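Q: Next comes upload28.txt, compact mmCIF, C-alpha atoms:
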# COMPACT_ATOMS: atom_id res chain seq x y z
CA MET Y 1 89.38 82.29 115.21
CA ASN Y 2 89.90 85.11 117.70
CA THR Y 3 89.58 88.78 116.77
CA GLN Y 4 93.33 89.39 116.52
CA LYS Y 5 93.75 86.46 114.13
CA LYS Y 6 90.82 87.68 112.01
CA ILE Y 7 92.35 91.17 111.83
CA GLN Y 8 95.70 89.69 110.83
CA HIS Y 9 94.12 87.47 108.17
CA SER Y 10 91.96 90.25 106.68
CA LEU Y 11 94.73 92.81 106.57
CA ASN Y 12 97.44 90.40 105.40
CA ASP Y 13 95.35 89.65 102.31
CA LEU Y 14 95.28 93.39 101.55
CA ILE Y 15 99.00 93.70 102.29
CA GLN Y 16 99.82 90.96 99.79
CA ILE Y 17 97.76 92.54 97.03
CA ALA Y 18 99.20 96.00 97.74
CA ARG Y 19 102.71 94.47 97.64
CA ASP Y 20 101.87 93.06 94.21
CA GLY Y 21 100.91 96.54 93.06
CA HIS Y 22 104.01 98.18 94.52
CA SER Y 23 106.28 95.71 92.77
CA PHE Y 24 104.46 95.99 89.46
CA TYR Y 25 104.36 99.82 89.47
CA THR Y 26 108.03 100.01 90.40
CA GLU Y 27 108.97 97.73 87.53
CA ALA Y 28 106.69 99.53 85.05
CA ALA Y 29 108.14 102.93 86.03
CA GLY Y 30 111.53 101.72 84.86
CA LYS Y 31 110.21 100.27 81.60
CA VAL Y 32 108.05 103.02 80.09
CA LYS Y 33 109.69 105.74 78.03
CA ASP Y 34 107.17 108.47 78.90
CA ALA Y 35 108.65 110.47 81.82
CA GLU Y 36 105.25 111.71 83.03
CA LEU Y 37 103.88 108.16 83.09
CA ALA Y 38 107.01 106.86 84.84
CA SER Y 39 106.53 109.57 87.46
CA LEU Y 40 102.88 108.59 87.91
CA PHE Y 41 103.84 104.94 88.32
CA THR Y 42 106.47 105.88 90.89
CA ARG Y 43 103.94 108.00 92.81
CA ILE Y 44 101.38 105.18 92.86
CA ALA Y 45 104.07 102.68 93.91
CA GLY Y 46 104.64 105.01 96.88
CA VAL Y 47 100.94 104.92 97.72
CA LYS Y 48 101.06 101.12 97.65
CA GLN Y 49 104.10 101.17 99.94
CA ASP Y 50 102.23 103.45 102.37
CA ILE Y 51 99.27 101.05 102.36
CA VAL Y 52 101.59 98.13 103.11
CA ALA Y 53 103.28 100.06 105.93
CA ARG Y 54 100.02 101.12 107.59
CA LEU Y 55 98.39 97.73 107.34
CA SER Y 56 101.59 96.02 108.50
CA ALA Y 57 101.70 98.26 111.57
CA THR Y 58 98.13 97.31 112.41
CA VAL Y 59 98.86 93.59 112.01
CA ALA Y 60 101.99 93.93 114.16
CA ALA Y 61 100.01 95.83 116.82
CA THR Y 62 97.73 92.80 117.16
CA GLY Y 63 100.74 90.55 117.72
CA GLY Y 64 100.77 89.15 114.21
CA THR Y 65 103.37 88.94 111.50
CA PRO Y 66 102.64 91.12 108.46
CA ALA Y 67 102.72 89.39 105.08
CA GLU Y 68 106.14 89.73 103.50
CA HIS Y 69 105.33 88.71 99.94
CA GLY Y 70 102.76 89.31 97.27
CA THR Y 71 100.45 86.75 95.71
CA MET Y 72 100.77 84.22 92.91
CA VAL Y 73 97.98 86.01 91.03
CA GLY Y 74 99.93 89.26 91.29
CA SER Y 75 103.09 87.62 89.99
CA MET Y 76 101.23 86.15 87.04
CA GLN Y 77 99.59 89.50 86.29
CA GLN Y 78 102.96 91.21 86.36
CA PHE Y 79 104.42 88.56 84.05
CA TYR Y 80 101.49 88.94 81.64
CA GLY Y 81 101.96 92.72 81.71
CA LYS Y 82 105.63 92.32 80.75
CA VAL Y 83 104.77 90.00 77.88
CA ARG Y 84 101.96 92.24 76.68
CA ALA Y 85 104.21 95.30 76.81
CA ALA Y 86 107.03 93.49 75.00
CA LEU Y 87 104.78 92.31 72.18
CA GLY Y 88 102.76 95.48 71.65
CA ASP Y 89 102.38 99.03 72.85
CA THR Y 90 104.50 99.14 76.00
CA THR Y 91 102.60 102.05 77.50
CA TYR Y 92 99.15 100.58 76.93
CA GLY Y 93 100.28 97.12 77.99
CA TYR Y 94 101.47 98.33 81.36
CA VAL Y 95 98.57 100.71 81.93
CA ALA Y 96 96.01 98.02 81.09
CA GLU Y 97 97.56 95.45 83.43
CA LEU Y 98 98.13 98.00 86.20
CA GLU Y 99 94.47 99.00 85.93
CA GLU Y 100 93.57 95.33 86.41
CA SER Y 101 95.79 95.31 89.49
CA GLU Y 102 93.89 98.34 90.78
CA ASP Y 103 90.57 96.56 90.17
CA ARG Y 104 91.81 93.63 92.23
CA LEU Y 105 92.95 95.80 95.15
CA LEU Y 106 89.76 97.87 95.18
CA LYS Y 107 87.65 94.71 95.13
CA ALA Y 108 89.63 93.25 98.05
CA PHE Y 109 89.21 96.44 100.07
CA ASN Y 110 85.47 96.55 99.36
CA GLU Y 111 85.08 92.89 100.32
CA THR Y 112 87.00 93.40 103.57
CA ILE Y 113 84.90 96.41 104.47
CA SER Y 114 81.56 94.79 103.61
CA ASP Y 115 82.32 91.40 105.21
CA ASP Y 116 80.36 91.10 108.45
CA ASP Y 117 83.11 88.86 109.84
CA THR Y 118 85.77 91.55 109.44
CA PRO Y 119 86.64 92.88 112.89
CA ALA Y 120 85.91 96.56 113.51
CA ALA Y 121 89.61 97.49 113.79
CA ALA Y 122 90.45 95.90 110.43
CA ARG Y 123 87.38 97.46 108.79
CA ALA Y 124 88.31 100.89 110.18
CA GLU Y 125 91.87 100.65 108.84
CA ALA Y 126 90.62 99.51 105.42
CA GLN Y 127 88.06 102.35 105.33
CA ALA Y 128 90.75 104.89 106.23
CA LEU Y 129 92.86 103.72 103.27
CA LEU Y 130 89.97 103.30 100.83
CA PRO Y 131 90.09 106.89 99.44
CA SER Y 132 93.73 106.37 98.36
CA VAL Y 133 92.87 103.00 96.84
CA ARG Y 134 89.94 104.52 94.92
CA GLU Y 135 92.02 107.45 93.71
CA CYS Y 136 94.74 105.19 92.29
CA HIS Y 137 92.09 102.97 90.71
CA ASN Y 138 90.35 105.93 89.08
CA VAL Y 139 93.60 107.43 87.77
CA MET Y 140 94.59 104.17 86.09
CA ARG Y 141 91.08 103.51 84.78
CA ASP Y 142 90.97 106.98 83.24
CA ARG Y 143 94.49 106.63 81.82
CA LYS Y 144 93.57 103.30 80.21
CA GLN Y 145 90.44 104.80 78.63
CA VAL Y 146 92.41 107.74 77.18
CA LEU Y 147 95.02 105.41 75.69
CA LYS Y 148 92.36 103.11 74.30
CA ARG Y 149 90.58 106.01 72.56
CA ALA Y 150 93.88 107.30 71.16
CA SER Y 151 94.74 104.00 69.49
Please re-express this file's structure in structure tokens.
A:
Amino acid sequence: MNTQKKIQHSLNDLIQIARDGHSFYTEAAGKVKDAELASLFTRIAGVKQDIVARLSATVAATGGTPAEHGTMVGSMQQFYGKVRAALGDTTYGYVAELEESEDRLLKAFNETISDDDTPAAARAEAQALLPSVRECHNVMRDRKQVLKRAS
């Protein structure tokens, strides 16, 4: 596989997972009753959209086609989050599943960066976005812990 194809493959995986997050956060923002939490979800959905846009531009610059959809795992996680929220505490249900989504994205970024087969251009783009990914992850992890202690 040539370097351009490797870049496209590496970054398209990240694009798909970030798309999952964007979709899930957007939906959750419309479902929770807490205005502050809805605002947080909307803000993080925007971060996911920025990640998708930046990675898509890099894939396109290499002559590739950016991923246009999320993943099956992301769809299942979103479905489980809806069910969990419907059957229990809506706020905690969404926060817990969104935190899992953040774990998945952070893991994918770390794997892309640490993989010796990841081309330098793809690694550099992933490293540039990693602080935003970590911040979103940490916000949701902390939010989940606060809600868990409060229950």
Q: Tell me which of Y:Asp115, Y:Asp13, Y:Asp50, Y:Asp142 sits closest to Y:Glu68, counting all atoms listed in the file.
A: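 Answer, going by the shortest atom-to-atom distance: Y:Asp13.
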Q: How many Å lie between atom CA of Y:Lys31 and atom CA of Y:Glu99, rounded to one decimal?
A: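 Atom-to-atom, atom CA of Y:Lys31 and atom CA of Y:Glu99 are spaced 16.4 Å apart.
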Q: Figure out the distance between atom CA of Y:Lys48 and atom CA of Y:Pro131, please, to one decimal in Å.
A: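 About the pair atom CA of Y:Pro131 and atom CA of Y:Lys48: they are 12.5 Å apart.
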Q: When distances are computed from all atoms listed in the file, which of Y:Ser56, Y:Ser101, Y:Thr118, Y:Thr42 shows the smallest separation from Y:Asn138?
A: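 For Y:Asn138, the nearest of the candidates is Y:Ser101.
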Q: What does the distance between atom CA of Y:Phe109 and atom CA of Y:Val95 come to in Å, to one decimal place?
A: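 Taking atom CA of Y:Phe109 as the start and atom CA of Y:Val95 as the end point, the length is 20.9 Å.
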Q: Given the choices Y:Val139, Y:Ala45, Y:Ala61, Y:Ile51, which gets closest to Y:Gln127 if the distance is worked out from only C-alpha atoms?
A: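 Residue with the minimum atom-to-atom distance to Y:Gln127: Y:Ile51.
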Q: Ranking Y:Lys5, Y:Arg54, Y:Lys33, Y:Arg43 by minimum distance to Y:Glu135 and counting all atoms listed in the file, which one comes first?
A: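 Of Y:Lys5, Y:Arg54, Y:Lys33, Y:Arg43, the one nearest Y:Glu135, counting all atoms listed in the file, is Y:Arg43.
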Q: Out of Y:Asp117, Y:Arg104, Y:Gly64, Y:Tyr94, which residue has the shortest atom-to-atom distance to Y:Val32 when counting all atoms listed in the file?
A: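 When distances to Y:Val32 are compared using all atoms listed in the file, the smallest one comes from Y:Tyr94.
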Q: Using only C-alpha atoms, can you tell me which of Y:Glu111, Y:Glu125, Y:Glu36, Y:Asp20 comes closest to Y:Thr91?
A: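 Checking each candidate against Y:Thr91, we get Y:Glu36 as the closest.
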Q: Using the file's own x, y and z axes, so that the box edges lie along x, y and z, what centre and edge lengths in Å (one decimal) does a box around every listed atom of stretch 114-120 of chain Y get when 8 Å is added on each side? Give it as JSON.
A:
{"center_x": 83.5, "center_y": 92.7, "center_z": 108.6, "size_x": 22.3, "size_y": 23.7, "size_z": 25.9}
Q: List the neighbours of Y:Ala60 out to 12 Å using only C-alpha atoms; skip same-chain residues closer than 5 positions along the sequence, and give me the result as a list in words.
A: Gln4, Lys5, Ile7, Gln8, His9, Leu11, Asn12, Val52, Ala53, Arg54, Leu55, Thr65, Pro66 and Ala67 of chain Y
Q: Near Y:Ser23, counting all atoms listed in the file, which residues have an atom at most 9 Å away, once you skip same-chain residues fewer than 2 positions from it, shown as a short mmCIF file (atom, residue, chain, number, x, y, z; two decimals) with C-alpha atoms, keeping the file's coordinate frame?
A:
data_model
loop_
_atom_site.label_atom_id
_atom_site.label_comp_id
_atom_site.auth_asym_id
_atom_site.auth_seq_id
_atom_site.Cartn_x
_atom_site.Cartn_y
_atom_site.Cartn_z
CA ALA Y 18 99.20 96.00 97.74
CA ARG Y 19 102.71 94.47 97.64
CA ASP Y 20 101.87 93.06 94.21
CA GLY Y 21 100.91 96.54 93.06
CA TYR Y 25 104.36 99.82 89.47
CA THR Y 26 108.03 100.01 90.40
CA GLU Y 27 108.97 97.73 87.53
CA ALA Y 28 106.69 99.53 85.05
CA ALA Y 45 104.07 102.68 93.91
CA LYS Y 48 101.06 101.12 97.65
CA GLY Y 70 102.76 89.31 97.27
CA GLN Y 78 102.96 91.21 86.36
#
